[in-house]
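Working notes, structure below.
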Amino acid sequence: MPIKSHIDKDIGAIIRTVTGRFTLQDITTALDESYSLEEYHKNMPVIWDFSQVVSFQVDDSDLKKIANHIHGARHERGAGYKSALVASPQLELGITRMYMEIGEELPIHFSIFRNIDDAKDWLKQAG
């Protein structure tokens with residue numbers, strides 16, 4: 001699977017490292033696996049690290065499915081948490097478009113970064 005998840009105890013966040021190519025199924029599987037991570041709790045912030053992605057096979061209909069999946073999991077996942085996205089400059093525009101397309105519909109605070117350290121710093125900030 002091109003998405004590996006773990007909890008970074010220092011910042012209290014889920015870290016998802018995405019490599020190679022990924023699809024809608026990979027994203028929804030990673031979202032669902034969050035609940036089984038040791039020390040997971042509702043509303044835990046998350047970093048999606050796309051810096052090692054070669055390409056993504058997610059189209060507009062998939063974006064709507066991702067949004068619906070997240071809405072459907074609100075009772076387990078929560079709402080209002082931060083989701084930091086790390087993308088290489090080559091993929092930044094595509095990742096940005098993908099999340100801005102669905103971001104307004106979701107009860108999550110998104111921000112996009114070029115490196116994971118800046119993403120971690122943002123998660124540590126209040127609000």
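Residue names in the structure tokens use chain letters A, B, ... in the order shown, residue numbers from 1 in each chain, and ligand numbers from 1 in the order shown.
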
Could you produce a table of the residues of range 37-68 of chain A lying within 9 Å of range 16-23 of chain A, with the nearest pair of atoms per residue and their separation in Å rounded to one decimal, using only C-alpha atoms, ordered by chain and increasing residue number, as JSON lines?
```
{"residue": "A:Val46", "atom": "CA", "partner": "A:Arg16", "partner_atom": "CA", "distance": 7.4}
{"residue": "A:Ile47", "atom": "CA", "partner": "A:Arg16", "partner_atom": "CA", "distance": 6.0}
{"residue": "A:Trp48", "atom": "CA", "partner": "A:Arg16", "partner_atom": "CA", "distance": 4.8}
{"residue": "A:Asp49", "atom": "CA", "partner": "A:Thr17", "partner_atom": "CA", "distance": 4.8}
{"residue": "A:Phe50", "atom": "CA", "partner": "A:Val18", "partner_atom": "CA", "distance": 5.2}
{"residue": "A:Ser51", "atom": "CA", "partner": "A:Val18", "partner_atom": "CA", "distance": 7.5}
{"residue": "A:Gln52", "atom": "CA", "partner": "A:Thr19", "partner_atom": "CA", "distance": 4.9}
{"residue": "A:Val53", "atom": "CA", "partner": "A:Thr19", "partner_atom": "CA", "distance": 4.7}
{"residue": "A:Val54", "atom": "CA", "partner": "A:Gly20", "partner_atom": "CA", "distance": 4.8}
{"residue": "A:Ser55", "atom": "CA", "partner": "A:Arg21", "partner_atom": "CA", "distance": 5.0}
{"residue": "A:Phe56", "atom": "CA", "partner": "A:Phe22", "partner_atom": "CA", "distance": 5.1}
{"residue": "A:Gln57", "atom": "CA", "partner": "A:Thr23", "partner_atom": "CA", "distance": 5.1}
{"residue": "A:Val58", "atom": "CA", "partner": "A:Thr23", "partner_atom": "CA", "distance": 5.8}
{"residue": "A:Asp62", "atom": "CA", "partner": "A:Thr23", "partner_atom": "CA", "distance": 8.7}
```

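Among the candidate residues A:Asn115, A:Ser5, A:Ser36, A:Ser88, the one lying nearest to Glu76 in chain A is A:Ser36, with distances computed using only C-alpha atoms.
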
All alpha helix (DSSP H) positions in chain A, as a VMD selection string:
chain A and resid 24 to 33 60 to 72 74 to 77 89 to 103 116 to 124

For the contact check between range 56-80 of chain A and range 105-114 of chain A, emit one row per residue of range 56-80 of chain A within 12 Å, containing the shortest atom pair and the distance in Å rounded to one decimal, counting only C-alpha atoms, chain then rising number order, as CSV.
```
residue,atom,partner,partner_atom,distance
A:Leu63,CA,A:Glu105,CA,10.9
A:Lys64,CA,A:Glu105,CA,9.5
A:Lys65,CA,A:Glu105,CA,11.9
A:Ile66,CA,A:Leu106,CA,10.0
A:Ala67,CA,A:Leu106,CA,6.7
A:Asn68,CA,A:Leu106,CA,9.0
A:His69,CA,A:Leu106,CA,10.4
A:Ile70,CA,A:Leu106,CA,7.6
A:His71,CA,A:Leu106,CA,7.1
A:Gly72,CA,A:Leu106,CA,10.9
A:Ala73,CA,A:Pro107,CA,11.3
A:Arg74,CA,A:Pro107,CA,8.8
A:Arg77,CA,A:Ile108,CA,10.7
A:Gly78,CA,A:Pro107,CA,8.6
A:Ala79,CA,A:Pro107,CA,5.2
A:Gly80,CA,A:Ile108,CA,4.8
```

Next, write the just-selected residues to a file, as a compact mmCIF listing (two decimals), in the first residue's frame, keeping C-alpha atoms as the atom set.
```txt
# COMPACT_ATOMS: atom_id res chain seq x y z
CA LEU A 63 -12.79 13.96 -4.74
CA LYS A 64 -16.51 13.96 -4.00
CA LYS A 65 -16.23 10.37 -2.72
CA ILE A 66 -13.37 11.37 -0.41
CA ALA A 67 -15.44 14.26 0.96
CA ASN A 68 -18.43 11.96 1.51
CA HIS A 69 -16.21 9.39 3.21
CA ILE A 70 -14.83 12.01 5.60
CA HIS A 71 -18.33 13.34 6.35
CA GLY A 72 -19.53 9.80 7.01
CA ALA A 73 -16.74 9.21 9.54
CA ARG A 74 -17.32 12.37 11.60
CA ARG A 77 -12.90 10.96 13.39
CA GLY A 78 -14.33 14.23 14.63
CA ALA A 79 -14.33 17.70 13.10
CA GLY A 80 -12.38 20.91 13.31
```

Grab the CA of Ala126 in chain A to CA of Leu91 in chain A distance for me, in Å with one decimal place.
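Interatomic distance here is 28.2 Å.
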
Could you give me, as a count of residues only, each residue of chain A that DSSP assigns to strand (DSSP E or B) when run on this structure's backbone?
39

Using CA of Asp32 in chain A and CA of Asp118 in chain A as the two end points, give the distance in Å to one decimal.
26.0 Å

Using only C-alpha atoms, the shortest atom-to-atom distance to Glu38 in chain A among A:Ala87, A:Ala13, A:Leu24, A:Pro2 belongs to A:Ala13

Between A:Glu33, A:Glu39, A:Asp121, A:Asp59, which is the closest to Lys82 in chain A once you count only C-alpha atoms?
A:Asp121
